[in-house]
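Text of data_13.tsv (TSV, C-alpha atoms and all ligand atoms) as supplied:
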chain	number	residue	atom	x	y	z
S	1	MET	CA	-30.87	30.21	1.94
S	2	SER	CA	-33.58	28.94	-0.33
S	3	GLU	CA	-35.62	25.96	0.65
S	4	ILE	CA	-35.62	22.77	-1.35
S	5	LEU	CA	-38.42	20.24	-1.35
S	6	LEU	CA	-37.64	16.61	-1.88
S	7	GLN	CA	-39.01	13.24	-1.04
S	8	ILE	CA	-37.20	10.73	1.13
S	9	ASP	CA	-38.78	7.30	1.58
S	10	GLY	CA	-42.12	8.72	0.56
S	11	LYS	CA	-41.96	11.58	3.02
S	12	GLU	CA	-41.97	15.24	1.93
S	13	VAL	CA	-38.79	16.78	3.31
S	14	LYS	CA	-37.71	20.42	3.39
S	15	ALA	CA	-33.99	21.03	3.21
S	16	GLY	CA	-31.67	23.98	2.84
S	17	GLU	CA	-29.64	24.51	-0.31
S	18	GLY	CA	-26.27	22.80	-0.20
S	19	MET	CA	-27.35	20.24	2.36
S	20	THR	CA	-26.58	16.62	1.61
S	21	ILE	CA	-29.20	13.90	1.36
S	22	LEU	CA	-27.79	12.49	4.59
S	23	GLU	CA	-28.27	15.75	6.48
S	24	ALA	CA	-31.77	16.19	5.11
S	25	ALA	CA	-32.70	12.66	6.13
S	26	GLN	CA	-31.21	13.02	9.59
S	27	GLY	CA	-33.16	16.23	10.02
S	28	VAL	CA	-36.44	14.30	9.81
S	29	GLY	CA	-35.27	11.25	11.72
S	30	ILE	CA	-34.63	8.94	8.78
S	31	SER	CA	-31.42	7.09	9.39
S	32	ILE	CA	-28.91	6.18	6.71
S	33	PRO	CA	-25.93	4.09	7.78
S	34	THR	CA	-22.48	5.71	7.61
S	35	LEU	CA	-18.96	4.62	8.39
S	36	CYS	CA	-16.62	7.32	7.16
S	37	TYR	CA	-18.94	10.28	7.79
S	38	HIS	CA	-18.37	12.61	10.73
S	39	LYS	CA	-20.44	15.74	11.12
S	40	ASN	CA	-17.47	17.93	11.97
S	41	LEU	CA	-15.23	16.72	9.18
S	42	GLU	CA	-15.02	17.54	5.51
S	43	PRO	CA	-17.04	15.22	3.26
S	44	TYR	CA	-15.01	12.16	2.33
S	45	GLY	CA	-17.17	9.58	0.58
S	46	GLY	CA	-14.79	6.74	1.21
S	47	CYS	CA	-16.92	3.83	2.40
S	48	ARG	CA	-20.06	4.02	0.25
S	49	ILE	CA	-22.17	2.34	2.92
S	50	CYS	CA	-24.49	5.37	2.77
S	51	THR	CA	-25.43	4.56	-0.83
S	52	VAL	CA	-29.05	5.44	-1.63
S	53	GLU	CA	-31.20	5.36	-4.72
S	54	VAL	CA	-32.21	8.70	-6.20
S	55	GLU	CA	-34.70	9.38	-8.93
S	56	SER	CA	-34.89	12.58	-10.92
S	57	GLY	CA	-36.16	13.25	-14.41
S	58	GLY	CA	-37.18	9.62	-14.71
S	59	LEU	CA	-33.66	8.32	-14.12
S	60	THR	CA	-32.67	6.22	-11.13
S	61	ARG	CA	-29.13	6.33	-9.86
S	62	LEU	CA	-27.10	5.25	-6.87
S	63	VAL	CA	-25.29	8.00	-4.99
S	64	ALA	CA	-23.45	8.48	-1.71
S	65	ALA	CA	-25.90	10.21	0.61
S	66	CYS	CA	-23.13	11.86	2.63
S	67	LEU	CA	-21.92	13.73	-0.47
S	68	TYR	CA	-24.91	14.22	-2.73
S	69	PRO	CA	-26.52	17.65	-2.41
S	70	VAL	CA	-30.30	17.83	-2.21
S	71	GLU	CA	-32.18	18.83	-5.36
S	72	GLU	CA	-35.68	20.10	-5.88
S	73	ASN	CA	-38.17	17.22	-6.39
S	74	LEU	CA	-35.53	14.57	-5.91
S	75	ILE	CA	-36.97	11.22	-4.89
S	76	VAL	CA	-34.72	9.34	-2.50
S	77	ARG	CA	-35.05	5.74	-1.41
S	78	THR	CA	-32.80	4.91	1.51
S	79	ARG	CA	-33.70	1.22	1.43
S	80	SER	CA	-34.45	-0.92	-1.59
S	81	GLU	CA	-33.48	-4.37	-2.66
S	82	LYS	CA	-30.60	-2.95	-4.66
S	83	VAL	CA	-29.38	-0.63	-1.91
S	84	ASP	CA	-29.50	-3.41	0.66
S	85	ARG	CA	-27.59	-5.72	-1.62
S	86	ILE	CA	-24.88	-3.13	-2.15
S	87	ARG	CA	-24.55	-2.42	1.55
S	88	LYS	CA	-24.35	-6.12	2.31
S	89	MET	CA	-21.61	-6.52	-0.29
S	90	ILE	CA	-19.64	-3.57	1.07
S	91	LEU	CA	-19.89	-5.01	4.57
S	92	GLU	CA	-18.77	-8.43	3.43
S	93	LEU	CA	-15.76	-6.91	1.71
S	94	LEU	CA	-14.90	-4.93	4.84
S	95	LEU	CA	-15.37	-8.04	6.98
S	96	ALA	CA	-12.65	-9.79	5.02
S	97	HIS	CA	-10.32	-7.15	6.44
S	98	ALA	CA	-11.80	-6.68	9.90
S	99	PRO	CA	-13.98	-9.72	10.66
S	100	ASP	CA	-14.88	-8.84	14.25
S	101	ALA	CA	-14.80	-5.06	14.14
S	102	ALA	CA	-17.15	-3.78	16.84
S	103	GLY	CA	-18.17	-0.78	14.76
S	104	LEU	CA	-19.52	-3.04	12.00
S	105	GLN	CA	-21.55	-5.55	13.98
S	106	ASP	CA	-24.87	-3.66	14.09
S	107	LEU	CA	-24.77	-3.20	10.34
S	108	VAL	CA	-23.78	-6.82	9.84
S	109	GLN	CA	-26.93	-7.84	11.71
S	110	GLU	CA	-29.13	-5.38	9.90
S	111	TYR	CA	-28.02	-6.40	6.42
S	112	GLY	CA	-27.37	-10.06	7.10
S	113	ALA	CA	-23.77	-9.83	5.93
S	114	ASN	CA	-21.76	-13.03	5.99
S	115	LYS	CA	-18.26	-12.51	7.30
S	116	ASP	CA	-17.00	-15.66	5.65
S	117	ARG	CA	-18.12	-14.76	2.17
S	118	PHE	CA	-14.68	-13.57	1.09
S	119	GLU	CA	-11.35	-15.01	2.00
S	120	LYS	CA	-9.93	-13.27	5.06
S	121	GLU	CA	-7.22	-10.78	4.45
S	122	ALA	CA	-7.01	-9.35	7.91
S	123	SER	CA	-5.52	-5.88	7.74
S	124	PHE	CA	-7.99	-4.61	10.38
S	125	CYS	CA	-8.20	-1.10	8.98
S	126	ILE	CA	-11.22	-0.34	6.78
S	127	HIS	CA	-9.74	2.92	5.49
S	128	CYS	CA	-12.54	5.11	6.77
S	129	GLY	CA	-9.93	7.81	7.32
S	130	LEU	CA	-11.65	9.10	10.46
S	131	CYS	CA	-8.49	9.00	12.55
S	132	VAL	CA	-6.37	10.70	9.90
S	133	ARG	CA	-8.92	13.37	9.10
S	134	TYR	CA	-9.78	14.07	12.71
S	135	CYS	CA	-6.14	14.60	13.59
S	136	THR	CA	-5.60	16.83	10.56
S	137	GLU	CA	-8.82	18.82	10.43
S	138	ILE	CA	-9.93	19.15	14.03
S	139	LYS	CA	-6.80	18.80	16.14
S	140	LYS	CA	-4.48	20.14	13.42
S	141	LYS	CA	-1.65	18.00	14.81
S	142	ASN	CA	-1.01	15.77	11.80
S	143	ALA	CA	0.28	12.99	13.98
S	144	ILE	CA	-1.21	10.28	11.80
S	145	GLY	CA	-1.54	9.86	8.06
S	146	PHE	CA	-1.98	7.30	5.34
S	147	ILE	CA	0.87	5.72	3.43
S	148	ASP	CA	0.92	3.78	0.18
S	149	ARG	CA	-2.21	3.13	-1.86
S	150	GLY	CA	-4.77	0.60	-2.97
S	151	ILE	CA	-4.62	-2.67	-1.10
S	152	ARG	CA	-1.37	-1.67	0.58
S	153	LYS	CA	-2.71	1.56	2.06
S	154	GLU	CA	-2.08	1.82	5.80
S	155	ILE	CA	-2.25	4.31	8.60
S	156	CYS	CA	1.03	5.47	10.01
S	157	PHE	CA	1.92	7.71	12.94
S	158	ILE	CA	4.75	10.21	12.70
S	159	PRO	CA	6.65	9.10	15.81
S	160	GLN	CA	8.10	12.51	16.73
S	161	ILE	CA	4.70	14.16	16.65
S	162	ALA	CA	2.88	11.24	18.26
S	163	ALA	CA	5.36	11.22	21.13
S	164	LYS	CA	4.52	14.82	21.90
S	165	GLU	CA	0.80	15.01	21.20
S	166	CYS	CA	-0.99	11.69	21.42
S	167	ASN	CA	-0.81	10.72	25.07
S	168	ASP	CA	-2.78	13.78	26.10
S	169	CYS	CA	-5.34	13.48	23.31
S	170	LYS	CA	-6.28	10.08	21.95
S	171	GLU	CA	-9.58	11.58	20.84
S	172	CYS	CA	-9.43	9.65	17.59
S	173	PHE	CA	-9.45	6.31	19.39
S	174	GLU	CA	-13.17	6.15	19.87
S	175	LEU	CA	-13.80	7.04	16.23
S	176	CYS	CA	-12.13	3.93	14.88
S	177	PRO	CA	-14.69	1.27	13.93
S	178	THR	CA	-12.14	-1.51	14.26
S	179	SER	CA	-9.68	-0.69	17.09
S	180	TYR	CA	-6.85	-1.05	14.60
S	181	LEU	CA	-5.90	2.51	15.36
S	182	GLN	CA	-5.28	1.71	19.02
S	183	ALA	CA	-3.15	-1.25	18.03
S	184	VAL	CA	-1.00	0.84	15.71
S	185	PHE	CA	-0.62	3.48	18.39
S	186	VAL	CA	0.57	0.95	20.97
S	187	LEU	CA	3.01	-0.43	18.42
S	188	THR	CA	4.35	3.00	17.53
S	189	GLU	CA	4.63	3.90	21.18
S	190	SER	CA	6.55	0.82	22.14
S	191	LEU	CA	8.89	1.16	19.17
S	192	ALA	CA	9.46	4.87	19.17
S	193	PHE	CA	8.78	6.38	22.57
S	194	PRO	CA	8.37	3.65	25.20
S	195	SER	CA	9.62	5.82	28.06
S	196	SER	CA	6.64	8.17	27.88
S	197	LYS	CA	4.42	5.51	29.43
S	198	ASN	CA	5.43	6.13	33.02
Q	1	MET	CA	21.67	16.04	-0.38
Q	2	ASP	CA	22.32	19.22	1.55
Q	3	ASN	CA	19.76	21.72	2.70
Q	4	ASN	CA	21.09	24.47	0.46
Q	5	ARG	CA	20.35	22.50	-2.65
Q	6	ILE	CA	16.89	21.61	-1.34
Q	7	ASP	CA	16.22	25.25	-0.54
Q	8	GLN	CA	17.30	26.20	-4.07
Q	9	ILE	CA	14.80	23.75	-5.54
Q	10	ILE	CA	12.07	25.04	-3.27
Q	11	ASP	CA	12.85	28.65	-4.14
Q	12	LYS	CA	12.64	27.82	-7.80
Q	13	HIS	CA	9.01	26.98	-7.14
Q	14	GLN	CA	8.41	30.14	-5.12
Q	15	GLY	CA	8.00	28.05	-2.01
Q	16	GLU	CA	4.43	27.23	-2.95
Q	17	ALA	CA	2.83	24.33	-1.15
Q	18	SER	CA	1.04	23.48	-4.38
Q	19	SER	CA	4.41	22.70	-5.96
Q	20	LEU	CA	5.08	19.93	-3.47
Q	21	ILE	CA	5.06	17.14	-6.03
Q	22	GLN	CA	7.32	19.10	-8.42
Q	23	VAL	CA	9.79	19.74	-5.61
Q	24	LEU	CA	9.80	16.09	-4.58
Q	25	LEU	CA	10.23	15.00	-8.20
Q	26	GLU	CA	13.26	17.24	-8.59
Q	27	ILE	CA	14.88	15.96	-5.44
Q	28	GLN	CA	14.12	12.43	-6.53
Q	29	SER	CA	15.65	12.89	-9.97
Q	30	GLU	CA	18.80	14.55	-8.65
Q	31	HIS	CA	19.34	12.37	-5.64
Q	32	HIS	CA	17.59	9.17	-6.80
Q	33	TRP	CA	15.69	8.89	-3.53
Q	34	LEU	CA	14.05	10.99	-0.83
Q	35	PRO	CA	15.88	10.90	2.49
Q	36	LYS	CA	13.88	11.61	5.63
Q	37	ALA	CA	15.82	14.78	6.36
Q	38	ALA	CA	14.96	16.12	2.92
Q	39	LEU	CA	11.26	15.45	3.45
Q	40	GLU	CA	11.38	17.23	6.79
Q	41	ARG	CA	13.09	20.20	5.21
Q	42	VAL	CA	10.53	20.38	2.43
Q	43	GLY	CA	7.68	20.12	4.92
Q	44	GLU	CA	9.09	22.90	7.03
Q	45	LYS	CA	9.71	25.26	4.12
Q	46	LEU	CA	6.45	24.63	2.28
Q	47	GLN	CA	4.41	24.42	5.45
Q	48	VAL	CA	3.01	21.03	4.54
Q	49	PRO	CA	2.54	18.42	7.26
Q	50	LEU	CA	4.84	15.44	7.13
Q	51	THR	CA	1.85	13.10	7.04
Q	52	ARG	CA	0.84	14.59	3.67
Q	53	ILE	CA	4.34	14.40	2.26
Q	54	GLN	CA	4.68	10.84	3.43
Q	55	HIS	CA	1.40	9.90	1.82
Q	56	ILE	CA	2.40	11.42	-1.51
Q	57	ALA	CA	5.91	10.00	-1.39
Q	58	THR	CA	4.55	6.51	-0.84
Q	59	PHE	CA	1.61	6.90	-3.21
Q	60	TYR	CA	3.50	7.50	-6.45
Q	61	LYS	CA	5.88	4.91	-7.75
Q	62	ALA	CA	8.15	7.67	-9.04
Q	63	PHE	CA	9.34	8.33	-5.50
Q	64	SER	CA	11.58	6.17	-3.40
Q	65	LEU	CA	12.16	6.41	0.32
Q	66	VAL	CA	15.14	4.10	0.14
Q	67	PRO	CA	18.38	4.66	-1.80
Q	68	LYS	CA	18.17	3.84	-5.48
Q	69	GLY	CA	20.91	2.85	-7.86
Q	70	LYS	CA	22.47	5.23	-10.35
Q	71	HIS	CA	20.75	3.45	-13.21
Q	72	GLN	CA	17.09	2.56	-13.28
Q	73	VAL	CA	16.44	-0.62	-15.21
Q	74	HIS	CA	12.86	-1.35	-16.23
Q	75	ILE	CA	11.99	-4.65	-17.79
Q	76	CYS	CA	8.66	-4.83	-19.53
Q	77	VAL	CA	6.68	-7.91	-18.60
Q	78	GLY	CA	3.50	-6.80	-20.35
Q	79	THR	CA	1.60	-9.34	-22.42
Q	80	ALA	CA	3.38	-8.72	-25.72
Q	81	CYS	CA	6.84	-8.69	-24.17
Q	82	HIS	CA	5.95	-11.70	-22.06
Q	83	VAL	CA	5.13	-13.86	-25.06
Q	84	ARG	CA	8.28	-12.66	-26.76
Q	85	GLY	CA	10.45	-13.85	-23.93
Q	86	ALA	CA	10.55	-11.11	-21.28
Q	87	THR	CA	11.19	-13.71	-18.60
Q	88	ARG	CA	14.53	-14.59	-20.14
Q	89	ILE	CA	15.49	-10.93	-20.28
Q	90	LEU	CA	14.54	-10.46	-16.66
Q	91	ASP	CA	16.50	-13.57	-15.68
Q	92	THR	CA	19.55	-12.24	-17.48
Q	93	VAL	CA	19.35	-8.90	-15.69
Q	94	GLU	CA	18.80	-10.57	-12.33
Q	95	GLU	CA	21.80	-12.75	-12.89
Q	96	ALA	CA	24.06	-9.94	-14.07
Q	97	THR	CA	23.14	-7.52	-11.30
Q	98	GLY	CA	22.33	-9.96	-8.51
Q	99	ILE	CA	19.08	-8.18	-7.68
Q	100	LYS	CA	15.38	-8.89	-8.06
Q	101	PRO	CA	12.63	-6.45	-9.13
Q	102	GLY	CA	12.16	-3.75	-6.49
Q	103	GLU	CA	15.75	-4.08	-5.29
Q	104	THR	CA	18.96	-2.08	-5.57
Q	105	ASP	CA	22.45	-3.53	-5.54
Q	106	LEU	CA	24.88	-2.82	-2.72
Q	107	ASP	CA	27.08	-0.58	-4.85
Q	108	LEU	CA	24.01	1.52	-5.69
Q	109	LYS	CA	24.65	0.97	-9.36
Q	110	PHE	CA	21.36	-0.54	-10.54
Q	111	SER	CA	17.75	-0.56	-9.42
Q	112	LEU	CA	15.50	-3.05	-11.09
Q	113	GLU	CA	11.74	-2.82	-11.68
Q	114	THR	CA	9.27	-4.61	-13.87
Q	115	VAL	CA	6.60	-2.69	-15.75
Q	116	ASN	CA	3.45	-3.80	-17.52
Q	117	CYS	CA	3.73	-2.50	-21.08
Q	118	LEU	CA	5.85	0.48	-22.04
Q	119	GLY	CA	3.62	1.16	-25.03
Q	120	CYS	CA	5.99	-0.05	-27.73
Q	121	CYS	CA	5.00	-3.69	-27.95
Q	122	ALA	CA	6.27	-4.04	-31.52
Q	123	LEU	CA	9.78	-3.66	-30.12
Q	124	GLY	CA	9.27	-6.41	-27.53
Q	125	PRO	CA	10.83	-7.68	-25.45
Q	126	VAL	CA	11.65	-4.21	-24.22
Q	127	MET	CA	14.11	-3.03	-21.62
Q	128	GLU	CA	14.48	0.55	-20.52
Q	129	VAL	CA	17.54	1.97	-18.81
Q	130	ASP	CA	17.39	5.51	-17.42
Q	131	GLY	CA	14.48	6.26	-19.72
Q	132	LYS	CA	16.22	5.00	-22.84
Q	133	THR	CA	14.39	2.23	-24.66
Q	134	HIS	CA	16.22	-0.87	-25.84
Q	135	GLY	CA	14.03	-3.04	-28.06
Q	136	LYS	CA	14.07	-6.56	-29.47
Q	137	MET	CA	16.21	-7.75	-26.61
Q	138	SER	CA	17.86	-11.11	-26.40
Q	139	PRO	CA	19.75	-12.37	-23.36
Q	140	VAL	CA	23.06	-11.65	-25.12
Q	141	LYS	CA	22.00	-8.13	-26.10
Q	142	THR	CA	20.74	-7.52	-22.59
Q	143	ALA	CA	24.09	-8.35	-21.08
Q	144	GLU	CA	25.77	-6.05	-23.58
Q	145	VAL	CA	23.45	-3.16	-22.80
Q	146	LEU	CA	24.05	-3.54	-19.08
Q	147	LYS	CA	27.80	-3.40	-19.66
Q	148	ILE	CA	27.46	0.11	-21.13
Q	149	TYR	CA	26.15	1.32	-17.81
Q	150	GLU	CA	28.52	-0.50	-15.50
Z	201	LIG	S1	-7.40	2.93	11.79
Z	201	LIG	FE1	-9.59	2.90	12.26
Z	201	LIG	S2	-10.22	5.06	12.16
Z	201	LIG	FE2	-8.25	4.94	11.17
Z	201	LIG	S3	-8.73	4.67	8.98
Z	201	LIG	FE3	-8.45	2.59	9.83
Z	201	LIG	S4	-10.50	1.92	10.43
Z	201	LIG	FE4	-10.62	4.16	10.13
Z	202	LIG	S1	-20.60	7.55	4.91
Z	202	LIG	FE1	-20.95	8.18	2.89
Z	202	LIG	S2	-19.31	7.26	1.84
Z	202	LIG	FE2	-18.87	6.75	3.90
Z	203	LIG	S1	4.07	-5.34	-23.53
Z	203	LIG	FE1	6.09	-4.59	-23.40
Z	203	LIG	S2	5.90	-2.71	-24.45
Z	203	LIG	FE2	3.85	-3.44	-24.48
What would the structure in this file look like if it were written as structure tokens?
Amino acid sequence: MSEILLQIDGKEVKAGEGMTILEAAQGVGISIPTLCYHKNLEPYGGCRICTVEVESGGLTRLVAACLYPVEENLIVRTRSEKVDRIRKMILELLLAHAPDAAGLQDLVQEYGANKDRFEKEASFCIHCGLCVRYCTEIKKKNAIGFIDRGIRKEICFIPQIAAKECNDCKECFELCPTSYLQAVFVLTESLAFPSSKN
Amino acid sequence: MDNNRIDQIIDKHQGEASSLIQVLLEIQSEHHWLPKAALERVGEKLQVPLTRIQHIATFYKAFSLVPKGKHQVHICVGTACHVRGATRILDTVEEATGIKPGETDLDLKFSLETVNCLGCCALGPVMEVDGKTHGKMSPVKTAEVLKIYE
């Protein structure tokens, strides 16, 4: 694997071909915030909180660090006025859906996001897809999936599968930034397989 | 819809998982909706998880997970049709069928949907029944068209 030299926040960084900006940054201890990224899952690029500024050939662009592959001589800025503004906006939009989500609070502090900026539309799920992808890719149980699209998109358990698999697993629970997943599980359980509790 | 017919449709597509949407579309067009048992059968035969099928079946408007009427009525409420009186056409259909957009009548005769521009604004207000376009509608004409399908 050939080595690629790039610059992240003014630091010379060596990275392997095919690595993402996020991986290269993590390798040298530069942190970029993520919400939908998980090191054992396929790249997703759903939340855009990892947005960074890249400069190559005199052009500056905004890209998702968890997806964008490193390039020779790329100049990456993980914080800038623009990047911070975008992250703050993303957080404020997410907060309209999940105002008190535990998994967002550190970022809310860091970027000074205002949870009252947008009218609340509490749906609690921020569509990071971690639960769905973890169940599909790692556990290969497919007990939970998404339904519908756009603003009506929701997670949904398949009751027959959940009844068999979930009680002994629940590994996705701790991935959820909002605890909405747990709530949906309890609801599914009490509607579809209440007897399994005892 | 029985399993044999579903199997036939699947076989036609060589049982390829990549034909999932085609298979679902065919079941939808023959049966007018996708019953749970059919989805389970398709999942089993194509080796696609139910979560995926469910996502696709709820993602595209072409699919319905609840029974649909024999005739699909689409009323255009796009800008051009709107200014030419689409509301009156919609009212007429609602009155004649007793259903609102997104609904199906109890006899499973009609399903009603609104759409935003069918691409033939010059014919507005436009109504489409089972894919056939009826242009320059008036409330009277609308009632007449519906009668053909009763
Ligand atoms: S329920 Fe939680 S983990 Fe699952 S998609 Fe929504 S926010 Fe992400
Ligand atoms: S972490 Fe990169 S898009 Fe979500
Ligand atoms: S607005 Fe009705 S066809 Fe264009």
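Across the model, the gap from CA of Ile4 (chain S) to CA of Val28 (chain S) is 14.0 Å.
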**OP:** Dig up all the protein and nucleic acid residues within 12 Å of (-29.2, -11.7, 4.1) in the file frame, using all atoms listed in the file, and format them as a ChimeraX atom specification.
**Re:** /S:81,84-89,91-92,107-115,117
Write to file, as a PDB file, in the coordinates of the input, the residues of the selection just made, with C-alpha atoms.
ATOM      1  CA  GLU S  81     -33.480  -4.370  -2.660  1.00  0.00           C
ATOM      2  CA  ASP S  84     -29.500  -3.410   0.660  1.00  0.00           C
ATOM      3  CA  ARG S  85     -27.590  -5.720  -1.620  1.00  0.00           C
ATOM      4  CA  ILE S  86     -24.880  -3.130  -2.150  1.00  0.00           C
ATOM      5  CA  ARG S  87     -24.550  -2.420   1.550  1.00  0.00           C
ATOM      6  CA  LYS S  88     -24.350  -6.120   2.310  1.00  0.00           C
ATOM      7  CA  MET S  89     -21.610  -6.520  -0.290  1.00  0.00           C
ATOM      8  CA  LEU S  91     -19.890  -5.010   4.570  1.00  0.00           C
ATOM      9  CA  GLU S  92     -18.770  -8.430   3.430  1.00  0.00           C
ATOM     10  CA  LEU S 107     -24.770  -3.200  10.340  1.00  0.00           C
ATOM     11  CA  VAL S 108     -23.780  -6.820   9.840  1.00  0.00           C
ATOM     12  CA  GLN S 109     -26.930  -7.840  11.710  1.00  0.00           C
ATOM     13  CA  GLU S 110     -29.130  -5.380   9.900  1.00  0.00           C
ATOM     14  CA  TYR S 111     -28.020  -6.400   6.420  1.00  0.00           C
ATOM     15  CA  GLY S 112     -27.370 -10.060   7.100  1.00  0.00           C
ATOM     16  CA  ALA S 113     -23.770  -9.830   5.930  1.00  0.00           C
ATOM     17  CA  ASN S 114     -21.760 -13.030   5.990  1.00  0.00           C
ATOM     18  CA  LYS S 115     -18.260 -12.510   7.300  1.00  0.00           C
ATOM     19  CA  ARG S 117     -18.120 -14.760   2.170  1.00  0.00           C
TER      20      ARG S 117
END
What does the list of residues within 10 Å of ligand LIG 202 (chain Z) look like if you count all atoms listed in the file, written as a list in words? Leu22, Ile32, Pro33, Thr34, Leu35, Cys36, Tyr37, His38, Pro43, Tyr44, Gly45, Gly46, Cys47, Arg48, Ile49, Cys50, Thr51, Val52, Val63, Ala64, Ala65, Cys66, Leu67, Tyr68, Cys128 and Gly129 of chain S
task = Using all atoms listed in the file, find the residues of chain Q whose closest atom to chain S is at most 6 Å away, then write them as a PyMOL selection string.
result = chain Q and resi 51+55+58-59
Report task. Could I get the residue neighbourhood of ligand LIG 201 (chain Z) at 8 Å, counting only C-alpha atoms and all ligand atoms, as a count of residues only? Result -> 23
Ser19 (chain Q) surroundings by all atoms listed in the file, 12 Å radius, close-in-sequence under 3 positions cut, as a compact mmCIF listing (two decimals) with C-alpha atoms, in the frame of the given file:
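What ended up in result.txt:
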# COMPACT_ATOMS: atom_id res chain seq x y z
CA ILE Q 9 14.80 23.75 -5.54
CA ILE Q 10 12.07 25.04 -3.27
CA ASP Q 11 12.85 28.65 -4.14
CA LYS Q 12 12.64 27.82 -7.80
CA HIS Q 13 9.01 26.98 -7.14
CA GLN Q 14 8.41 30.14 -5.12
CA GLY Q 15 8.00 28.05 -2.01
CA GLU Q 16 4.43 27.23 -2.95
CA GLN Q 22 7.32 19.10 -8.42
CA VAL Q 23 9.79 19.74 -5.61
CA LEU Q 24 9.80 16.09 -4.58
CA LEU Q 25 10.23 15.00 -8.20
CA GLU Q 26 13.26 17.24 -8.59
CA VAL Q 42 10.53 20.38 2.43
CA GLY Q 43 7.68 20.12 4.92
CA LYS Q 45 9.71 25.26 4.12
CA LEU Q 46 6.45 24.63 2.28
CA GLN Q 47 4.41 24.42 5.45
CA VAL Q 48 3.01 21.03 4.54
CA ILE Q 53 4.34 14.40 2.26
Hey, could you pull the box centre and edge lengths for ligand LIG 203 (chain Z), axis-aligned, 4 Å padding per side, all listed atoms, to one decimal in Å, as JSON?
{"center_x": 5.0, "center_y": -4.0, "center_z": -23.9, "size_x": 10.2, "size_y": 10.6, "size_z": 9.1}
*Contacts of ligand LIG 203 (chain Z), 7 Å or closer, only C-alpha atoms and all ligand atoms, given as a PyMOL selection string*: chain Q and resi 76-82+116-121+123-126
Store the residues picked out above in a file with C-alpha atoms, as a PDB file, in the frame of the given file.
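Writing done, so here's result21.pdb:
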ATOM      1  CA  CYS Q  76       8.660  -4.830 -19.530  1.00  0.00           C
ATOM      2  CA  VAL Q  77       6.680  -7.910 -18.600  1.00  0.00           C
ATOM      3  CA  GLY Q  78       3.500  -6.800 -20.350  1.00  0.00           C
ATOM      4  CA  THR Q  79       1.600  -9.340 -22.420  1.00  0.00           C
ATOM      5  CA  ALA Q  80       3.380  -8.720 -25.720  1.00  0.00           C
ATOM      6  CA  CYS Q  81       6.840  -8.690 -24.170  1.00  0.00           C
ATOM      7  CA  HIS Q  82       5.950 -11.700 -22.060  1.00  0.00           C
ATOM      8  CA  ASN Q 116       3.450  -3.800 -17.520  1.00  0.00           C
ATOM      9  CA  CYS Q 117       3.730  -2.500 -21.080  1.00  0.00           C
ATOM     10  CA  LEU Q 118       5.850   0.480 -22.040  1.00  0.00           C
ATOM     11  CA  GLY Q 119       3.620   1.160 -25.030  1.00  0.00           C
ATOM     12  CA  CYS Q 120       5.990  -0.050 -27.730  1.00  0.00           C
ATOM     13  CA  CYS Q 121       5.000  -3.690 -27.950  1.00  0.00           C
ATOM     14  CA  LEU Q 123       9.780  -3.660 -30.120  1.00  0.00           C
ATOM     15  CA  GLY Q 124       9.270  -6.410 -27.530  1.00  0.00           C
ATOM     16  CA  PRO Q 125      10.830  -7.680 -25.450  1.00  0.00           C
ATOM     17  CA  VAL Q 126      11.650  -4.210 -24.220  1.00  0.00           C
TER      18      VAL Q 126
END
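The two atoms in question, CA of Asp2 (chain Q) and CA of Glu30 (chain Q), are spaced 11.8 Å apart.
If you look at CA of Ser31 (chain S) and CA of Tyr134 (chain S), they are 23.0 Å away from each other.
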Next item on the list: Using all atoms listed in the file, determine which residues lie at most 9 Å from Val66 (chain Q), disregarding the query and same-chain residues fewer than 6 positions distant; provide the list as a ChimeraX atom specification.
Entry: /Q:32-35
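Each of S:Ser56, S:Pro194, S:Cys135, S:Ala122 was checked against Cys169 (chain S) using only C-alpha atoms; the smallest atom-to-atom distance is that of S:Cys135.
You can rank Q:Lys61, Q:His74, Q:Lys147, Q:Lys100 by their closest distance to His134 (chain Q) using only C-alpha atoms, and at the top of that list sits Q:His74.
Nearest residue to Leu39 (chain Q) among Q:Asn3, Q:Thr104, Q:Thr133, Q:Gln8 is Q:Asn3, counting only C-alpha atoms.
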Closest pair table for region 77-142 of chain S residues within 8 Å of region 8-21 of chain S, all atoms listed in the file, as CSV:
residue,atom,partner,partner_atom,distance
S:Arg77,CA,S:Asp9,CA,5.0
S:Thr78,CA,S:Asp9,CA,6.4
S:Arg79,CA,S:Asp9,CA,7.9
